Amino acid sequence: MENECGAKLIGNNGLSPRSSVSNGGPDGTVDVLKDLKEANDLIEVIGGFSGFRKTQSKECLNLVRRLKMLAPLLEEIRDLYDMVPAEGLSSHIGQLKEALLLAKRLLKNCHNGSKIYLAFDNEAVMARFHSVYDKLKEALDGIPYDELGVSVELKEQVELMSTQLKRAKCRKDTQDMELAMDMMVVFSKNDERNADPVILGRLANKLELHKVADLEAETEAIQKLVQRRCVSNSENLQQIMELLCKFKKIAGMENSVASDAAPVVLKRLQRCRSTLIPHEFLCPISLEVMTDPVIVATGQTYDRDSIQTWLNSNHQTCPKTGQTLVHLSLAPNYALKNLILQWCQKHDYELPKKEVGSGFGDTPPDLAREISSLVHNLSSSQLDVQKEAIIKIRVLSKENPENRVWIANSGVIPPLVKLLSYPDLNFQEHTVTALLNLSIDDANKRLIAREGAIPAIIEILQHGTEEAKENSAAALFSLSMLDENKVLIGTLKGIPPLVALLRDGTIRGKKDAATALFNLSMNQANKSRAIKAGIIQPLLFLLQDKNLGMVDEALSILLLLASHPEGRTEIGRNSFIEILVNIIIDGTPKNKECATSLLLELGRNNSPSILVALQFGVYEHLVELTRCGTSRAQRKASSLLQYMSKCEHIP
């Protein structure tokens, strides 16, 4: 996003020059005064920013606070500017103004930009913060304070700010770690969990995109990204839009945009000179652009009106494949619909208006009666009736957010929690999965924990079926989104069975366990519990077995554990350092980034780790990373090389 959107707010509002000119001529004087005034105006604008996106909020607030501290300095320089030649001051004040302008644009984007994009491209955003820090420090360090006669108090304040700016570049990216695993999963094409409602629900809450108003604002923000071409990679933009569609679906929103213009025929689109209609946007039946794409049982997509007409004519096969449809339900293809709308907007093509459905309003009476009956059946004396009720609750609670709220409000959670302890493995599997689905709602997380579900879930995690173990791990992950539940799961000894699942489970089980352990390890006491439970060896195995595709997950957990003394002791062994170096040498770009971050964390607290890494030949590969790695890998490699430069054994 180097072509950041937003026009300059700086106008020709310079001050009248002073009459005495002893500093290099009136032109230089006017330039210095003008730049000082514009820099001061920028600080005033920046000071008015608030309500930043959660992913960059801490960085933004720190930057605003520091920049507001510059106002007294600029006022004093304006009073003292004629003490030095204009050419000795103007370049530094000009640099400062440019840095402030960059800061304003960055802060504005973090104030009202797309939340998904800011999280998706967090590395690039942080790189822009670091660029601002560099430019600010360079400008401040060049100002001739002594020649100007700046007060000692302000000089000390500037020195402190310069130190803070330098330290800010080295600070650990805790916000990256908080979102890393969620973003990694939902944007992975190969991870089967990329549509997992638990992970999507968690991510929606963390990005504050679970309310209709927030999602509408996010839609506008993404549309601005498209209009201003702030996202150069079309694949990235498609992923961002697809994630927005998933969030809208969770919130029960209809993912369509009604057009106010009159319908137009297909010929208008054919007149677009820039491109042809993507074939995947055309309905296989009508061969026209789909306005309401839906998916049938075979996975093929059609326009709703066309396929409904086909089905109403007593056809029970898929028009494109000829296969018999095992059911006649139509599922909205939200991702494709959003892509079509974006494409039409870009190419000035107006879709015919469609009546928007009622969406997820009040629960339909038939559904309300069904759920009420299911809740009643949970207390039945007949096991088959209970089991059938649990299975239906499991299905209904998976479908949409309102079902989860309504089911919970109907009093289903207490009897479900009691049924967790029923001595039938299949029974337990359906029950824990139903609670997992219900736990996506934050209010339900508290209620489930308050009803005492966590000990029973941990028991199923230890002794249930493979699927029950996987879903128990996912349930603990969902519940651990609340800090109080992180503590509760740790004290109730939920971490050892998660470590066991990480070690011995199926691939899906390992992934669910890793996700839960990552979240739980954000609590300092849980880090110690995980280490004592033997988490290091399973993580080491994940690093070595690249076929599992969990190197990044393992490194992310290890990075959390490395902040604990016990973790550093375990991870800092020579054999472990060698594995990290090998990943830096041969891993994927993301692997290299994570391994470099972990080695840097170890080096900051344990200098022998640096020497061991050097002995394994990491130096030249870090140098290569500073040139060719991801933006975050470049920063981490540069910091690591700085640490290494303090050692005596540099090659």
# chains A, B, ... in the order shown; residues from 1 in each chain; ligands from 1
>>> select_by_dssp(residues="segment 313-354 of chain A", states="alpha helix (DSSP H)", output="list in words")
Tyr334, Ala335, Leu336, Lys337, Asn338, Leu339, Ile340, Leu341, Gln342, Trp343, Cys344, Gln345 and Lys346 of chain A
>>> write_last_selection(atoms="N, CA, C and O atoms", output="PDB file, in the first residue's frame")
ATOM      1  N   TYR A 334     -21.622 -16.982  -1.489  1.00  0.00           N
ATOM      2  CA  TYR A 334     -21.340 -15.597  -1.108  1.00  0.00           C
ATOM      3  C   TYR A 334     -20.023 -15.092  -1.699  1.00  0.00           C
ATOM      4  O   TYR A 334     -19.918 -13.940  -2.124  1.00  0.00           O
ATOM      5  N   ALA A 335     -19.011 -15.932  -1.695  1.00  0.00           N
ATOM      6  CA  ALA A 335     -17.701 -15.495  -2.189  1.00  0.00           C
ATOM      7  C   ALA A 335     -17.789 -15.093  -3.662  1.00  0.00           C
ATOM      8  O   ALA A 335     -17.298 -14.036  -4.066  1.00  0.00           O
ATOM      9  N   LEU A 336     -18.423 -15.946  -4.481  1.00  0.00           N
ATOM     10  CA  LEU A 336     -18.544 -15.647  -5.906  1.00  0.00           C
ATOM     11  C   LEU A 336     -19.412 -14.410  -6.132  1.00  0.00           C
ATOM     12  O   LEU A 336     -19.116 -13.573  -6.996  1.00  0.00           O
ATOM     13  N   LYS A 337     -20.473 -14.297  -5.353  1.00  0.00           N
ATOM     14  CA  LYS A 337     -21.352 -13.141  -5.517  1.00  0.00           C
ATOM     15  C   LYS A 337     -20.604 -11.846  -5.256  1.00  0.00           C
ATOM     16  O   LYS A 337     -20.743 -10.861  -5.996  1.00  0.00           O
ATOM     17  N   ASN A 338     -19.767 -11.838  -4.224  1.00  0.00           N
ATOM     18  CA  ASN A 338     -19.004 -10.630  -3.912  1.00  0.00           C
ATOM     19  C   ASN A 338     -17.993 -10.318  -5.012  1.00  0.00           C
ATOM     20  O   ASN A 338     -17.790  -9.161  -5.387  1.00  0.00           O
ATOM     21  N   LEU A 339     -17.373 -11.363  -5.562  1.00  0.00           N
ATOM     22  CA  LEU A 339     -16.416 -11.157  -6.656  1.00  0.00           C
ATOM     23  C   LEU A 339     -17.109 -10.579  -7.888  1.00  0.00           C
ATOM     24  O   LEU A 339     -16.570  -9.688  -8.554  1.00  0.00           O
ATOM     25  N   ILE A 340     -18.308 -11.068  -8.178  1.00  0.00           N
ATOM     26  CA  ILE A 340     -19.061 -10.552  -9.332  1.00  0.00           C
ATOM     27  C   ILE A 340     -19.392  -9.078  -9.118  1.00  0.00           C
ATOM     28  O   ILE A 340     -19.230  -8.243 -10.022  1.00  0.00           O
ATOM     29  N   LEU A 341     -19.834  -8.735  -7.914  1.00  0.00           N
ATOM     30  CA  LEU A 341     -20.179  -7.341  -7.618  1.00  0.00           C
ATOM     31  C   LEU A 341     -18.966  -6.435  -7.745  1.00  0.00           C
ATOM     32  O   LEU A 341     -19.043  -5.330  -8.294  1.00  0.00           O
ATOM     33  N   GLN A 342     -17.824  -6.911  -7.245  1.00  0.00           N
ATOM     34  CA  GLN A 342     -16.609  -6.112  -7.342  1.00  0.00           C
ATOM     35  C   GLN A 342     -16.194  -5.938  -8.803  1.00  0.00           C
ATOM     36  O   GLN A 342     -15.767  -4.858  -9.224  1.00  0.00           O
ATOM     37  N   TRP A 343     -16.303  -7.001  -9.583  1.00  0.00           N
ATOM     38  CA  TRP A 343     -15.930  -6.939 -10.991  1.00  0.00           C
ATOM     39  C   TRP A 343     -16.852  -5.985 -11.744  1.00  0.00           C
ATOM     40  O   TRP A 343     -16.399  -5.173 -12.556  1.00  0.00           O
ATOM     41  N   CYS A 344     -18.135  -6.067 -11.466  1.00  0.00           N
ATOM     42  CA  CYS A 344     -19.096  -5.184 -12.135  1.00  0.00           C
ATOM     43  C   CYS A 344     -18.842  -3.722 -11.779  1.00  0.00           C
ATOM     44  O   CYS A 344     -18.971  -2.831 -12.625  1.00  0.00           O
ATOM     45  N   GLN A 345     -18.489  -3.485 -10.526  1.00  0.00           N
ATOM     46  CA  GLN A 345     -18.191  -2.116 -10.100  1.00  0.00           C
ATOM     47  C   GLN A 345     -16.969  -1.581 -10.840  1.00  0.00           C
ATOM     48  O   GLN A 345     -16.954  -0.439 -11.322  1.00  0.00           O
ATOM     49  N   LYS A 346     -15.966  -2.396 -10.962  1.00  0.00           N
ATOM     50  CA  LYS A 346     -14.732  -1.980 -11.630  1.00  0.00           C
ATOM     51  C   LYS A 346     -14.976  -1.670 -13.101  1.00  0.00           C
ATOM     52  O   LYS A 346     -14.382  -0.740 -13.664  1.00  0.00           O
TER      53      LYS A 346
END
>>> residues_around(residues="Ala408 of chain A", least_positions_apart="3", cutoff="9 Å", atoms="only C-alpha atoms", output="list in words")
Asn403, Arg404, Val405, Gly411, Val412, Ile413, Leu438, Asn444 and Leu447 of chain A
>>> closest_residue(among="A:Pro608, A:Pro538, A:Gly464, A:Gly299", to="Thr433 of chain A", atoms="only C-alpha atoms")
A:Gly464
>>> closest_residue(among="A:Phe541, A:Phe518, A:Phe247, A:Tyr133", to="Met181 of chain A", atoms="only C-alpha atoms")
A:Phe518
>>> closest_residue(among="A:Lys211, A:Lys418, A:Lys248, A:Lys469", to="Ala453 of chain A", atoms="only C-alpha atoms")
A:Lys418
>>> atom_distance(atom1="atom CA of Asp545 of chain A", atom2="atom CA of Ala525 of chain A")
28.9 Å
>>> residues_around(residues="segment 629-638 of chain A", least_positions_apart="5", cutoff="6 Å", atoms="only C-alpha atoms", output="VMD selection string")
chain A and resid 123 593 597 622
>>> write_last_selection(atoms="all heavy atoms", output="mmCIF file, in the first residue's frame")
data_model
loop_
_atom_site.group_PDB
_atom_site.id
_atom_site.type_symbol
_atom_site.label_atom_id
_atom_site.label_comp_id
_atom_site.auth_asym_id
_atom_site.auth_seq_id
_atom_site.Cartn_x
_atom_site.Cartn_y
_atom_site.Cartn_z
ATOM 1 N N GLU A 123 2.399 -7.008 8.282
ATOM 2 C CA GLU A 123 3.855 -6.880 8.155
ATOM 3 C C GLU A 123 4.227 -5.625 7.375
ATOM 4 O O GLU A 123 5.129 -4.879 7.777
ATOM 5 C CB GLU A 123 4.426 -8.114 7.461
ATOM 6 C CG GLU A 123 4.280 -9.385 8.266
ATOM 7 C CD GLU A 123 4.652 -10.601 7.440
ATOM 8 O OE1 GLU A 123 5.106 -10.426 6.299
ATOM 9 O OE2 GLU A 123 4.472 -11.712 7.948
ATOM 10 N N GLU A 593 11.021 -16.823 8.094
ATOM 11 C CA GLU A 593 10.622 -15.665 8.897
ATOM 12 C C GLU A 593 10.389 -16.060 10.354
ATOM 13 O O GLU A 593 10.894 -15.403 11.281
ATOM 14 C CB GLU A 593 9.354 -15.060 8.295
ATOM 15 C CG GLU A 593 8.715 -13.964 9.120
ATOM 16 C CD GLU A 593 7.334 -13.620 8.605
ATOM 17 O OE1 GLU A 593 7.190 -13.388 7.383
ATOM 18 O OE2 GLU A 593 6.387 -13.591 9.416
ATOM 19 N N SER A 597 12.684 -15.105 13.704
ATOM 20 C CA SER A 597 12.078 -14.429 14.863
ATOM 21 C C SER A 597 12.385 -15.181 16.150
ATOM 22 O O SER A 597 12.698 -14.574 17.178
ATOM 23 C CB SER A 597 10.562 -14.327 14.665
ATOM 24 O OG SER A 597 10.242 -13.589 13.514
ATOM 25 N N LEU A 622 21.346 -15.214 6.815
ATOM 26 C CA LEU A 622 20.647 -14.048 7.362
ATOM 27 C C LEU A 622 20.884 -12.832 6.476
ATOM 28 O O LEU A 622 19.970 -12.026 6.254
ATOM 29 C CB LEU A 622 21.132 -13.764 8.792
ATOM 30 C CG LEU A 622 20.708 -14.773 9.862
ATOM 31 C CD1 LEU A 622 21.343 -14.424 11.199
ATOM 32 C CD2 LEU A 622 19.185 -14.818 10.000
#
>>> closest_residue(among="A:Leu599, A:Ile77, A:Ile585, A:Val623", to="His92 of chain A", atoms="only C-alpha atoms")
A:Ile77
